[in-house]
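Enquirer: Got a structure for you, written out below as structure tokens; questions coming shortly.
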Amino acid sequence: MKKVFIEGAISPTFISDSIAKHSLKKDIGAHSIFLGQVRNDHLRGKEVVAIEYSAYQEMAEEKFHEIRENMFAKYQLNCLHIYHSLGKVNAGEISLFVFTSSAHRKEAIEACQEMVEKIKNEVPIWGKELFTGEDYEWKINKL
Amino acid sequence: MKKVFIEGAISPTFISDSIAKHSLKKDIGAHSIFLGQVRNDHLRGKEVVAIEYSAYQEMAEEKFHEIRENMFAKYQLNCLHIYHSLGKVNAGEISLFVFTSSAHRKEAIEACQEMVEKIKNEVPIWGKELFTGEDYEWKINKL
Amino acid sequence: MEIIVLFFGHLTDITGESKLKIWDTKDTNELINLMSKKYPGINDMKYSIAINKVIIHENCILKDADVVALLPAFSGG
Amino acid sequence: MEIIVLFFGHLTDITGESKLKIWDTKDTNELINLMSKKYPGINDMKYSIAINKVIIHENCILKDADVVALLPAFSGG
């Protein structure tokens, strides 16, 4: 099964390395990428400085695998990669990287978008928003 | 006016540098990226080895500017970047890079997708598909 | 018969632990009753229940070595 | 009165040039007639017409220093 979880933030270099690897796949015409970045939201006068991610890792990995299989069945994709952070990711850093590739743009774009929704709604991952000081709040995903 | 055209292919490093610059904008929660990659299509038994892009550059730059303005009016965007190649781009290399950023995913994703359609349909750029040998064919965009 | 119970996210704030073992519990209803007595705070929370990594939607019979996970609303991404 | 005419993409295969100057042409209809005589091949092609970088949809009067561009279907991206 493909590795999905990454300890800490996902670096821009990791992303460009992943893009570069696709230059040998010359039947690809379109890549769609979604990146989730940690926002410094302000709540109750305090600022989010980081999110600490935890997961029910075994279940999440099975779920990622299942979603991937469904995506390949539904869309004409050449590639589909998903990476999600575990542990602490600071505001401004990237915690989610979804990457779909296809011959034509429509398939890549739609698959990427659907993938992001599924990750947010169906995968057992939790974010704990850490504020300045010791305070924290469990993240709630908006639709 | 922002520079859009890049001579030759767009490198993965250029893309990661662009992503990295956004880590200081901590109110961003979502990035959506579209990359157009040159496909080695096979036509009449010949293979596309590169696309040579040309443009009515002054008009294209005005059009890019106008589309950008419309996007910022329509969507809650923090950033919007567009880069398009001019000249020769080999199969497997990237010729289009559209990058939208927003607090929430919906706006970033929709704006990126609309932007790509507008670039393909409304901007005076032409691709000449170069085959093995001296042969070529003018590219036709599919809907 | 031994059952493993896992807690995640917000629930661990209430339980103070992420894993425990219980014995001789016939189904998930009974398990949840037990947990509610041990950790009254979880009654105020919304969560899903998974047995062996599959979310269930009704009371389910438990068997030896089942892993039951209590999952608050997901918030990945 | 001087008008600049620009050709792009596929059209340049037919015209063999990307830019030319013409004089004393009152409107775009007259200009297109002139071009069709000079380069008969362009009659078989679909293209849009822009005056000073703005696409027009009907016959337009031309004035000195106007730049008229003949644009085949775009194929960027």
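In the structure tokens, chains take the letters A, B, ... in the order shown, each chain's residues start at 1, and ligands count up from 1 in the order shown.
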May I ask you to extract the residues of chain C within 8 Å of chain A, using only C-alpha atoms, and to give them as an MDAnalysis selection string?

Expert: chainID C and resid 8:10 53:54 71 73:77

Enquirer: Dump C-alpha atoms for the selected residues as a compact mmCIF listing (two decimals), in the first residue's frame?

Expert:
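Final output, selection09.txt:
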# COMPACT_ATOMS: atom_id res chain seq x y z
CA PHE C 8 -9.33 9.49 19.15
CA GLY C 9 -9.27 13.27 18.83
CA HIS C 10 -11.42 15.22 21.24
CA LYS C 53 -11.73 -0.32 11.03
CA VAL C 54 -15.24 -0.46 9.55
CA LEU C 71 -14.26 8.40 16.33
CA ALA C 73 -16.06 14.01 13.48
CA PHE C 74 -13.06 13.88 11.17
CA SER C 75 -11.08 17.06 10.62
CA GLY C 76 -8.17 16.17 8.37
CA GLY C 77 -6.89 18.29 5.51

Enquirer: Using only C-alpha atoms, I'd like a table of the residues in chain B that come within 9 Å of chain A; for each, show the closest atom pair and its distance in Å rounded to one decimal, ordered by chain and ascending number, as a Markdown table.

Expert:
| residue | atom | partner | partner_atom | distance |
| --- | --- | --- | --- | --- |
| B:Ser11 | CA | A:Ala20 | CA | 8.1 |
| B:Pro12 | CA | A:Ser16 | CA | 4.9 |
| B:Thr13 | CA | A:Ser16 | CA | 6.0 |
| B:Phe14 | CA | A:Ser16 | CA | 8.5 |
| B:Ile15 | CA | A:Ser16 | CA | 6.7 |
| B:Ser16 | CA | A:Pro12 | CA | 4.9 |
| B:Asp17 | CA | A:Pro12 | CA | 7.2 |
| B:Ser18 | CA | A:Pro12 | CA | 8.8 |
| B:Ile19 | CA | A:Pro12 | CA | 6.2 |
| B:Ala20 | CA | A:Pro12 | CA | 5.8 |
| B:His22 | CA | A:Gly92 | CA | 7.3 |
| B:Ser23 | CA | A:Gly92 | CA | 4.2 |
| B:Leu24 | CA | A:Gly92 | CA | 6.0 |
| B:Lys25 | CA | A:Gly92 | CA | 6.4 |
| B:Lys26 | CA | A:Gly92 | CA | 4.7 |
| B:Asp27 | CA | A:Arg39 | CA | 5.1 |
| B:Ile28 | CA | A:Arg39 | CA | 5.8 |
| B:Gly29 | CA | A:Gln37 | CA | 4.6 |
| B:Ala30 | CA | A:Gly36 | CA | 4.8 |
| B:His31 | CA | A:Leu35 | CA | 4.9 |
| B:Ser32 | CA | A:Phe34 | CA | 4.8 |
| B:Ile33 | CA | A:Ile33 | CA | 4.9 |
| B:Phe34 | CA | A:Ser32 | CA | 4.8 |
| B:Leu35 | CA | A:His31 | CA | 4.9 |
| B:Gly36 | CA | A:Ala30 | CA | 4.8 |
| B:Gln37 | CA | A:Gly29 | CA | 4.7 |
| B:Val38 | CA | A:Gly29 | CA | 5.8 |
| B:Arg39 | CA | A:Asp27 | CA | 5.1 |
| B:Asn40 | CA | A:Lys26 | CA | 5.5 |
| B:Asp41 | CA | A:Asp27 | CA | 7.1 |
| B:Ala91 | CA | A:Lys26 | CA | 5.9 |
| B:Gly92 | CA | A:Ser23 | CA | 4.2 |
| B:Glu93 | CA | A:Ser23 | CA | 5.9 |
| B:Ile94 | CA | A:Ser23 | CA | 8.3 |
| B:Ala103 | CA | A:Arg39 | CA | 7.5 |
| B:His104 | CA | A:Lys142 | CA | 8.9 |
| B:Arg105 | CA | A:Gly36 | CA | 8.0 |
| B:Ile109 | CA | A:Gln113 | CA | 7.3 |
| B:Gln113 | CA | A:Ile109 | CA | 7.3 |
| B:Val116 | CA | A:Arg105 | CA | 8.9 |
| B:Lys142 | CA | A:His104 | CA | 8.9 |

Enquirer: Got a sec to align chain A on chain B by every in-order Cα pair and hand back the fitted coordinates as a CSV table (one decimal) with N, CA and C atoms, in the first residue's frame?

Expert:
chain,number,residue,atom,x,y,z
A,1,MET,N,1.9,45.4,-15.1
A,1,MET,CA,1.1,44.1,-15.3
A,1,MET,C,2.1,42.9,-15.0
A,2,LYS,N,1.5,41.9,-14.4
A,2,LYS,CA,2.3,40.7,-14.1
A,2,LYS,C,2.8,40.0,-15.3
A,3,LYS,N,4.0,39.5,-15.2
A,3,LYS,CA,4.6,38.7,-16.3
A,3,LYS,C,3.9,37.3,-16.3
A,4,VAL,N,3.4,36.9,-17.5
A,4,VAL,CA,2.8,35.7,-17.6
A,4,VAL,C,3.6,34.7,-18.5
A,5,PHE,N,4.2,35.2,-19.6
A,5,PHE,CA,4.9,34.4,-20.5
A,5,PHE,C,6.3,34.0,-20.0
A,6,ILE,N,6.6,32.8,-20.2
A,6,ILE,CA,8.0,32.2,-19.9
A,6,ILE,C,8.5,31.6,-21.1
A,7,GLU,N,9.8,31.9,-21.4
A,7,GLU,CA,10.4,31.3,-22.6
A,7,GLU,C,10.7,29.8,-22.3
A,8,GLY,N,10.2,28.9,-23.1
A,8,GLY,CA,10.4,27.5,-22.9
A,8,GLY,C,9.6,26.9,-21.8
A,9,ALA,N,9.9,25.7,-21.3
A,9,ALA,CA,9.1,24.9,-20.4
A,9,ALA,C,9.1,25.6,-19.0
A,10,ILE,N,8.1,25.3,-18.2
A,10,ILE,CA,8.0,25.8,-16.8
A,10,ILE,C,8.6,24.7,-15.9
A,11,SER,N,9.6,25.0,-15.1
A,11,SER,CA,10.3,23.9,-14.4
A,11,SER,C,9.6,23.6,-13.1
A,12,PRO,N,9.7,22.4,-12.6
A,12,PRO,CA,9.1,22.0,-11.3
A,12,PRO,C,9.7,22.9,-10.2
A,13,THR,N,10.9,23.3,-10.3
A,13,THR,CA,11.5,24.2,-9.3
A,13,THR,C,10.9,25.6,-9.3
A,14,PHE,N,10.5,26.1,-10.4
A,14,PHE,CA,9.8,27.3,-10.5
A,14,PHE,C,8.5,27.2,-9.7
A,15,ILE,N,7.8,26.1,-9.9
A,15,ILE,CA,6.5,25.8,-9.2
A,15,ILE,C,6.7,25.8,-7.7
A,16,SER,N,7.7,25.0,-7.3
A,16,SER,CA,7.9,24.9,-5.8
A,16,SER,C,8.3,26.3,-5.2
A,17,ASP,N,9.1,27.0,-5.9
A,17,ASP,CA,9.5,28.4,-5.4
A,17,ASP,C,8.2,29.2,-5.3
A,18,SER,N,7.3,29.1,-6.2
A,18,SER,CA,6.1,29.9,-6.2
A,18,SER,C,5.2,29.4,-5.0
A,19,ILE,N,5.2,28.1,-4.7
A,19,ILE,CA,4.4,27.6,-3.6
A,19,ILE,C,5.1,28.1,-2.3
A,20,ALA,N,6.4,28.0,-2.2
A,20,ALA,CA,7.1,28.4,-1.0
A,20,ALA,C,6.8,29.8,-0.6
A,21,LYS,N,6.7,30.7,-1.6
A,21,LYS,CA,6.5,32.1,-1.3
A,21,LYS,C,5.2,32.4,-0.5
A,22,HIS,N,4.3,31.4,-0.6
A,22,HIS,CA,3.0,31.6,0.1
A,22,HIS,C,3.0,31.3,1.5
A,23,SER,N,4.1,30.7,2.0
A,23,SER,CA,4.1,30.3,3.4
A,23,SER,C,4.0,31.5,4.4
A,24,LEU,N,4.3,32.7,3.9
A,24,LEU,CA,4.2,33.9,4.7
A,24,LEU,C,2.8,34.4,4.8
A,25,LYS,N,2.0,34.0,3.8
A,25,LYS,CA,0.6,34.4,3.8
A,25,LYS,C,-0.3,33.4,4.6
A,26,LYS,N,-0.3,33.6,5.9
A,26,LYS,CA,-0.9,32.6,6.8
A,26,LYS,C,-2.4,32.6,6.9
A,27,ASP,N,-3.0,33.5,6.1
A,27,ASP,CA,-4.5,33.5,6.1
A,27,ASP,C,-5.0,32.6,4.9
A,28,ILE,N,-4.0,32.0,4.2
A,28,ILE,CA,-4.4,31.1,3.1
A,28,ILE,C,-4.6,29.7,3.7
A,29,GLY,N,-5.7,29.0,3.3
A,29,GLY,CA,-5.9,27.7,3.7
A,29,GLY,C,-5.9,26.6,2.6
A,30,ALA,N,-6.0,27.1,1.4
A,30,ALA,CA,-6.1,26.2,0.3
A,30,ALA,C,-5.5,26.7,-1.0
A,31,HIS,N,-4.7,25.9,-1.6
A,31,HIS,CA,-4.1,26.2,-3.0
A,31,HIS,C,-4.6,25.2,-4.0
A,32,SER,N,-5.0,25.7,-5.1
A,32,SER,CA,-5.4,24.8,-6.2
A,32,SER,C,-4.4,25.2,-7.4
A,33,ILE,N,-3.9,24.1,-7.9
A,33,ILE,CA,-2.9,24.3,-9.0
A,33,ILE,C,-3.3,23.4,-10.2
A,34,PHE,N,-3.2,24.0,-11.4
A,34,PHE,CA,-3.4,23.2,-12.6
A,34,PHE,C,-2.1,23.4,-13.4
A,35,LEU,N,-1.6,22.2,-13.9
A,35,LEU,CA,-0.4,22.2,-14.8
A,35,LEU,C,-0.8,21.5,-16.1
A,36,GLY,N,-0.5,22.2,-17.2
A,36,GLY,CA,-0.6,21.6,-18.5
A,36,GLY,C,0.7,21.0,-18.9
A,37,GLN,N,0.7,19.7,-19.3
A,37,GLN,CA,1.9,19.1,-19.7
A,37,GLN,C,1.8,18.7,-21.2
A,38,VAL,N,2.9,18.8,-21.9
A,38,VAL,CA,2.8,18.5,-23.4
A,38,VAL,C,2.8,16.9,-23.5
A,39,ARG,N,1.8,16.5,-24.2
A,39,ARG,CA,1.5,15.1,-24.4
A,39,ARG,C,2.1,14.6,-25.7
A,40,ASN,N,2.7,13.4,-25.7
A,40,ASN,CA,3.3,12.8,-27.0
A,40,ASN,C,2.2,12.1,-27.8
A,41,ASP,N,1.2,12.9,-28.2
A,41,ASP,CA,0.1,12.3,-29.0
A,41,ASP,C,0.6,11.6,-30.2
A,42,HIS,N,-0.1,10.6,-30.7
A,42,HIS,CA,0.3,9.9,-31.9
A,42,HIS,C,-0.8,10.3,-33.0
A,43,LEU,N,-0.4,10.8,-34.1
A,43,LEU,CA,-1.3,11.2,-35.2
A,43,LEU,C,-0.7,10.7,-36.5
A,44,ARG,N,-1.4,10.1,-37.2
A,44,ARG,CA,-1.0,9.5,-38.5
A,44,ARG,C,0.3,8.8,-38.4
A,45,GLY,N,0.4,8.0,-37.3
A,45,GLY,CA,1.6,7.2,-37.2
A,45,GLY,C,2.9,7.9,-36.7
A,46,LYS,N,2.7,9.2,-36.4
A,46,LYS,CA,3.8,10.0,-36.0
A,46,LYS,C,3.6,10.5,-34.5
A,47,GLU,N,4.7,10.8,-33.9
A,47,GLU,CA,4.6,11.1,-32.4
A,47,GLU,C,4.9,12.6,-32.3
A,48,VAL,N,4.1,13.3,-31.4
A,48,VAL,CA,4.4,14.7,-31.1
A,48,VAL,C,5.6,14.7,-30.1
A,49,VAL,N,6.6,15.4,-30.5
A,49,VAL,CA,7.8,15.4,-29.7
A,49,VAL,C,7.9,16.8,-28.9
A,50,ALA,N,7.2,17.8,-29.4
A,50,ALA,CA,7.2,19.1,-28.7
A,50,ALA,C,6.0,19.9,-29.2
A,51,ILE,N,5.7,20.9,-28.5
A,51,ILE,CA,4.8,22.0,-29.0
A,51,ILE,C,5.5,23.3,-29.0
A,52,GLU,N,5.4,24.0,-30.1
A,52,GLU,CA,6.0,25.3,-30.1
A,52,GLU,C,4.8,26.4,-30.0
A,53,TYR,N,4.9,27.1,-28.9
A,53,TYR,CA,3.8,28.1,-28.6
A,53,TYR,C,4.2,29.5,-29.1
A,54,SER,N,3.2,30.1,-29.7
A,54,SER,CA,3.3,31.5,-30.1
A,54,SER,C,2.1,32.2,-29.6
A,55,ALA,N,2.1,33.5,-29.6
A,55,ALA,CA,1.0,34.3,-29.0
A,55,ALA,C,0.9,35.7,-29.7
A,56,TYR,N,-0.2,36.3,-29.6
A,56,TYR,CA,-0.3,37.7,-29.9
A,56,TYR,C,-0.1,38.3,-28.6
A,57,GLN,N,1.1,38.6,-28.3
A,57,GLN,CA,1.6,38.7,-26.9
A,57,GLN,C,0.9,40.0,-26.2
A,58,GLU,N,0.9,41.1,-26.9
A,58,GLU,CA,0.3,42.3,-26.3
A,58,GLU,C,-1.2,42.1,-25.9
A,59,MET,N,-1.9,41.4,-26.9
A,59,MET,CA,-3.4,41.2,-26.6
A,59,MET,C,-3.5,40.1,-25.5
A,60,ALA,N,-2.7,39.1,-25.6
A,60,ALA,CA,-2.8,38.0,-24.6
A,60,ALA,C,-2.5,38.6,-23.1
A,61,GLU,N,-1.6,39.5,-23.0
A,61,GLU,CA,-1.3,40.0,-21.7
A,61,GLU,C,-2.4,40.9,-21.2
A,62,GLU,N,-3.0,41.6,-22.1
A,62,GLU,CA,-4.2,42.4,-21.7
A,62,GLU,C,-5.4,41.5,-21.3
A,63,LYS,N,-5.5,40.4,-22.0
A,63,LYS,CA,-6.6,39.4,-21.7
A,63,LYS,C,-6.3,38.7,-20.4
A,64,PHE,N,-5.1,38.3,-20.1
A,64,PHE,CA,-4.8,37.7,-18.8
A,64,PHE,C,-5.1,38.7,-17.7
A,65,HIS,N,-4.7,39.9,-17.9
A,65,HIS,CA,-5.0,40.9,-16.9
A,65,HIS,C,-6.5,41.0,-16.6
A,66,GLU,N,-7.2,41.1,-17.7
A,66,GLU,CA,-8.7,41.2,-17.6
A,66,GLU,C,-9.3,40.0,-16.9
A,67,ILE,N,-8.9,38.8,-17.2
A,67,ILE,CA,-9.4,37.6,-16.6
A,67,ILE,C,-9.1,37.6,-15.1
A,68,ARG,N,-7.8,37.9,-14.8
A,68,ARG,CA,-7.4,38.0,-13.4
A,68,ARG,C,-8.3,39.0,-12.6
A,69,GLU,N,-8.6,40.1,-13.1
A,69,GLU,CA,-9.4,41.1,-12.4
A,69,GLU,C,-10.8,40.5,-12.2
A,70,ASN,N,-11.4,39.9,-13.2
A,70,ASN,CA,-12.7,39.3,-13.1
A,70,ASN,C,-12.7,38.2,-12.1
A,71,MET,N,-11.6,37.4,-12.0
A,71,MET,CA,-11.6,36.3,-11.0
A,71,MET,C,-11.5,36.9,-9.6
A,72,PHE,N,-10.8,37.9,-9.4
A,72,PHE,CA,-10.7,38.5,-8.0
A,72,PHE,C,-12.0,39.2,-7.7
A,73,ALA,N,-12.8,39.6,-8.7
A,73,ALA,CA,-14.1,40.2,-8.4
A,73,ALA,C,-15.1,39.1,-8.0
A,74,LYS,N,-14.9,37.9,-8.7
A,74,LYS,CA,-15.9,36.9,-8.5
A,74,LYS,C,-15.7,35.9,-7.3
A,75,TYR,N,-14.4,35.7,-7.1
A,75,TYR,CA,-14.0,34.8,-6.0
A,75,TYR,C,-13.2,35.5,-4.9
A,76,GLN,N,-13.4,34.9,-3.7
A,76,GLN,CA,-12.6,35.4,-2.5
A,76,GLN,C,-11.2,34.8,-2.6
A,77,LEU,N,-10.3,35.4,-3.4
A,77,LEU,CA,-9.0,34.9,-3.6
A,77,LEU,C,-7.9,35.7,-2.9
A,78,ASN,N,-6.9,35.0,-2.3
A,78,ASN,CA,-5.8,35.7,-1.8
A,78,ASN,C,-4.7,36.0,-2.9
A,79,CYS,N,-4.5,35.0,-3.7
A,79,CYS,CA,-3.6,35.1,-4.8
A,79,CYS,C,-4.0,34.4,-6.0
A,80,LEU,N,-3.5,34.8,-7.2
A,80,LEU,CA,-3.8,34.1,-8.4
A,80,LEU,C,-2.6,34.4,-9.4
A,81,HIS,N,-2.0,33.3,-9.8
A,81,HIS,CA,-0.8,33.4,-10.6
A,81,HIS,C,-1.1,32.6,-11.9
A,82,ILE,N,-0.6,33.1,-13.0
A,82,ILE,CA,-0.7,32.4,-14.3
A,82,ILE,C,0.6,32.5,-15.0
A,83,TYR,N,1.1,31.3,-15.5
A,83,TYR,CA,2.3,31.3,-16.3
A,83,TYR,C,2.1,30.4,-17.5
A,84,HIS,N,2.5,30.9,-18.7
A,84,HIS,CA,2.3,30.1,-19.9
A,84,HIS,C,3.6,30.2,-20.7
A,85,SER,N,4.0,29.1,-21.3
A,85,SER,CA,5.2,29.0,-22.1
A,85,SER,C,5.0,29.7,-23.4
A,86,LEU,N,6.1,30.2,-23.9
A,86,LEU,CA,6.3,30.6,-25.3
A,86,LEU,C,7.5,29.8,-25.9
A,87,GLY,N,7.4,29.6,-27.2
A,87,GLY,CA,8.5,28.8,-27.8
A,87,GLY,C,8.3,27.3,-27.6
A,88,LYS,N,9.4,26.6,-27.7
A,88,LYS,CA,9.3,25.1,-27.8
A,88,LYS,C,9.3,24.5,-26.4
A,89,VAL,N,8.3,23.6,-26.2
A,89,VAL,CA,8.2,22.8,-24.9
A,89,VAL,C,8.1,21.3,-25.3
A,90,ASN,N,9.1,20.5,-24.8
A,90,ASN,CA,9.1,19.1,-25.2
A,90,ASN,C,8.0,18.3,-24.5
A,91,ALA,N,7.6,17.2,-25.1
A,91,ALA,CA,6.7,16.3,-24.5
A,91,ALA,C,7.2,15.9,-23.1
A,92,GLY,N,6.3,15.9,-22.1
A,92,GLY,CA,6.6,15.6,-20.8
A,92,GLY,C,6.9,16.9,-19.9
A,93,GLU,N,7.1,18.0,-20.6
A,93,GLU,CA,7.4,19.2,-19.9
A,93,GLU,C,6.1,20.0,-19.7
A,94,ILE,N,6.2,21.0,-18.8
A,94,ILE,CA,5.0,21.8,-18.4
A,94,ILE,C,5.0,23.1,-19.2
A,95,SER,N,3.8,23.4,-19.7
A,95,SER,CA,3.7,24.7,-20.5
A,95,SER,C,2.6,25.7,-19.9
A,96,LEU,N,1.9,25.2,-18.9
A,96,LEU,CA,0.9,26.1,-18.3
A,96,LEU,C,0.8,25.8,-16.8
A,97,PHE,N,0.8,26.9,-16.0
A,97,PHE,CA,0.8,26.8,-14.6
A,97,PHE,C,-0.2,27.8,-14.0
A,98,VAL,N,-1.3,27.3,-13.5
A,98,VAL,CA,-2.3,28.2,-12.9
A,98,VAL,C,-2.4,27.9,-11.4
A,99,PHE,N,-2.4,29.0,-10.6
A,99,PHE,CA,-2.2,28.8,-9.2
A,99,PHE,C,-3.1,29.8,-8.4
A,100,THR,N,-4.1,29.2,-7.8
A,100,THR,CA,-5.0,30.1,-7.0
A,100,THR,C,-5.0,29.7,-5.5
A,101,SER,N,-5.1,30.7,-4.7
A,101,SER,CA,-5.1,30.5,-3.2
A,101,SER,C,-6.2,31.3,-2.6
A,102,SER,N,-6.8,30.6,-1.6
A,102,SER,CA,-7.9,31.2,-0.8
A,102,SER,C,-7.9,30.7,0.6
A,103,ALA,N,-8.8,31.3,1.4
A,103,ALA,CA,-8.9,30.8,2.8
A,103,ALA,C,-9.5,29.4,2.8
A,104,HIS,N,-10.5,29.2,1.9
A,104,HIS,CA,-11.1,27.9,1.9
A,104,HIS,C,-11.1,27.3,0.5
A,105,ARG,N,-11.2,25.9,0.5
A,105,ARG,CA,-10.9,25.2,-0.7
A,105,ARG,C,-11.8,25.5,-1.9
A,106,LYS,N,-13.1,25.7,-1.6
A,106,LYS,CA,-14.1,25.8,-2.6
A,106,LYS,C,-13.7,27.0,-3.6
A,107,GLU,N,-13.4,28.1,-3.1
A,107,GLU,CA,-13.1,29.3,-3.9
A,107,GLU,C,-11.8,29.0,-4.7
A,108,ALA,N,-10.8,28.5,-4.1
A,108,ALA,CA,-9.6,28.2,-4.8
A,108,ALA,C,-9.8,27.3,-5.9
A,109,ILE,N,-10.5,26.2,-5.7
A,109,ILE,CA,-10.7,25.1,-6.7
A,109,ILE,C,-11.5,25.6,-7.8
A,110,GLU,N,-12.6,26.3,-7.6
A,110,GLU,CA,-13.5,26.8,-8.6
A,110,GLU,C,-12.8,27.8,-9.5
A,111,ALA,N,-12.1,28.7,-8.8
A,111,ALA,CA,-11.4,29.8,-9.6
A,111,ALA,C,-10.3,29.2,-10.5
A,112,CYS,N,-9.6,28.2,-10.0
A,112,CYS,CA,-8.6,27.6,-10.8
A,112,CYS,C,-9.1,27.0,-12.0
A,113,GLN,N,-10.2,26.2,-11.8
A,113,GLN,CA,-10.8,25.5,-12.9
A,113,GLN,C,-11.4,26.5,-14.0
A,114,GLU,N,-12.0,27.5,-13.5
A,114,GLU,CA,-12.6,28.5,-14.5
A,114,GLU,C,-11.5,29.3,-15.2
A,115,MET,N,-10.4,29.6,-14.5
A,115,MET,CA,-9.3,30.2,-15.1
A,115,MET,C,-8.7,29.4,-16.2
A,116,VAL,N,-8.5,28.1,-16.0
A,116,VAL,CA,-8.0,27.2,-17.1
A,116,VAL,C,-8.8,27.2,-18.3
A,117,GLU,N,-10.2,27.2,-18.1
A,117,GLU,CA,-11.1,27.2,-19.3
A,117,GLU,C,-10.9,28.5,-20.0
A,118,LYS,N,-10.9,29.6,-19.3
A,118,LYS,CA,-10.7,30.9,-19.9
A,118,LYS,C,-9.4,31.0,-20.7
A,119,ILE,N,-8.4,30.5,-20.1
A,119,ILE,CA,-7.1,30.6,-20.8
A,119,ILE,C,-7.2,29.9,-22.2
A,120,LYS,N,-7.7,28.7,-22.1
A,120,LYS,CA,-7.8,27.8,-23.3
A,120,LYS,C,-8.7,28.5,-24.4
A,121,ASN,N,-9.8,29.2,-24.0
A,121,ASN,CA,-10.8,29.7,-24.9
A,121,ASN,C,-10.6,31.1,-25.3
A,122,GLU,N,-10.0,31.9,-24.4
A,122,GLU,CA,-10.1,33.4,-24.7
A,122,GLU,C,-8.8,34.1,-24.9
A,123,VAL,N,-7.7,33.4,-24.8
A,123,VAL,CA,-6.4,34.0,-24.9
A,123,VAL,C,-5.7,33.7,-26.2
A,124,PRO,N,-5.3,34.7,-27.0
A,124,PRO,CA,-4.7,34.4,-28.3
A,124,PRO,C,-3.3,33.8,-28.2
A,125,ILE,N,-3.3,32.5,-28.0
A,125,ILE,CA,-2.1,31.7,-27.9
A,125,ILE,C,-2.3,30.5,-28.9
A,126,TRP,N,-1.3,30.1,-29.6
A,126,TRP,CA,-1.4,28.9,-30.5
A,126,TRP,C,-0.3,27.9,-30.3
A,127,GLY,N,-0.6,26.7,-30.4
A,127,GLY,CA,0.4,25.6,-30.2
A,127,GLY,C,0.6,24.9,-31.6
A,128,LYS,N,1.8,24.7,-31.9
A,128,LYS,CA,2.2,24.0,-33.1
A,128,LYS,C,2.8,22.7,-32.7
A,129,GLU,N,2.1,21.6,-33.0
A,129,GLU,CA,2.6,20.3,-32.6
A,129,GLU,C,3.7,19.8,-33.5
A,130,LEU,N,4.9,19.6,-33.0
A,130,LEU,CA,6.0,19.2,-33.8
A,130,LEU,C,6.2,17.7,-33.8
A,131,PHE,N,6.2,17.0,-34.9
A,131,PHE,CA,6.3,15.6,-34.9
A,131,PHE,C,7.8,15.2,-35.1
A,132,THR,N,8.1,14.0,-34.9
A,132,THR,CA,9.4,13.4,-35.4
A,132,THR,C,9.6,13.8,-36.8
A,133,GLY,N,10.7,14.2,-37.3
A,133,GLY,CA,10.9,14.6,-38.6
A,133,GLY,C,10.6,16.1,-38.7
A,134,GLU,N,10.3,16.6,-39.9
A,134,GLU,CA,10.0,18.0,-40.1
A,134,GLU,C,8.5,18.3,-40.0
A,135,ASP,N,7.7,17.3,-39.9
A,135,ASP,CA,6.3,17.5,-40.0
A,135,ASP,C,5.7,18.2,-38.7
A,136,TYR,N,4.6,18.9,-38.9
A,136,TYR,CA,3.9,19.5,-37.8
A,136,TYR,C,2.4,19.7,-38.1
A,137,GLU,N,1.7,20.0,-37.0
A,137,GLU,CA,0.2,20.2,-37.2
A,137,GLU,C,-0.2,21.3,-36.1
A,138,TRP,N,-1.1,22.2,-36.5
A,138,TRP,CA,-1.5,23.1,-35.5
A,138,TRP,C,-2.5,22.5,-34.5
A,139,LYS,N,-2.2,22.7,-33.3
A,139,LYS,CA,-3.0,22.1,-32.2
A,139,LYS,C,-4.4,22.6,-32.2
A,140,ILE,N,-5.3,21.7,-31.9
A,140,ILE,CA,-6.8,22.1,-31.7
A,140,ILE,C,-7.2,21.8,-30.3
A,141,ASN,N,-7.7,22.8,-29.5
A,141,ASN,CA,-8.1,22.5,-28.2
A,141,ASN,C,-9.5,21.9,-28.1
A,142,LYS,N,-9.5,20.8,-27.4
A,142,LYS,CA,-10.9,20.1,-27.2
A,142,LYS,C,-11.6,20.8,-26.0
A,143,LEU,N,-12.9,20.7,-26.0
A,143,LEU,CA,-13.7,21.3,-24.9
A,143,LEU,C,-13.6,20.4,-23.7

Enquirer: Using DSSP on the backbone coordinates, identify the residues of chain D assigned to strand (DSSP E or B); present them as number ranges by chain.

Expert: D: 2-7, 19-23, 27, 47-51, 54-56, 61, 67-72

Enquirer: Taking C-alpha atoms for each residue, export the selection above as a compact mmCIF listing (two decimals), in the first residue's frame.

Expert:
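What follows is the written file again-v8.txt:
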# COMPACT_ATOMS: atom_id res chain seq x y z
CA GLU D 2 -1.96 53.26 -42.78
CA ILE D 3 -3.28 50.00 -41.32
CA ILE D 4 -1.15 47.20 -39.86
CA VAL D 5 -2.39 43.65 -40.45
CA LEU D 6 -1.14 40.80 -38.26
CA PHE D 7 -1.43 37.05 -38.92
CA LYS D 19 2.77 41.38 -40.52
CA LEU D 20 2.00 43.73 -43.40
CA LYS D 21 0.95 47.31 -44.00
CA ILE D 22 -1.94 48.40 -46.15
CA TRP D 23 -3.26 51.84 -47.10
CA ASP D 27 -13.44 49.04 -43.15
CA TYR D 47 -10.54 33.07 -37.81
CA SER D 48 -11.60 35.96 -35.61
CA ILE D 49 -10.70 39.57 -36.24
CA ALA D 50 -9.34 41.95 -33.59
CA ILE D 51 -8.89 45.68 -33.96
CA VAL D 54 -10.28 43.79 -29.16
CA ILE D 55 -12.24 41.12 -31.02
CA ILE D 56 -14.98 42.51 -33.29
CA ILE D 61 -14.67 51.36 -39.86
CA VAL D 67 -3.82 47.25 -35.93
CA VAL D 68 -6.02 44.52 -37.37
CA ALA D 69 -5.21 40.94 -36.32
CA LEU D 70 -6.50 37.74 -37.93
CA LEU D 71 -6.71 35.08 -35.23
CA PRO D 72 -7.29 31.35 -35.85
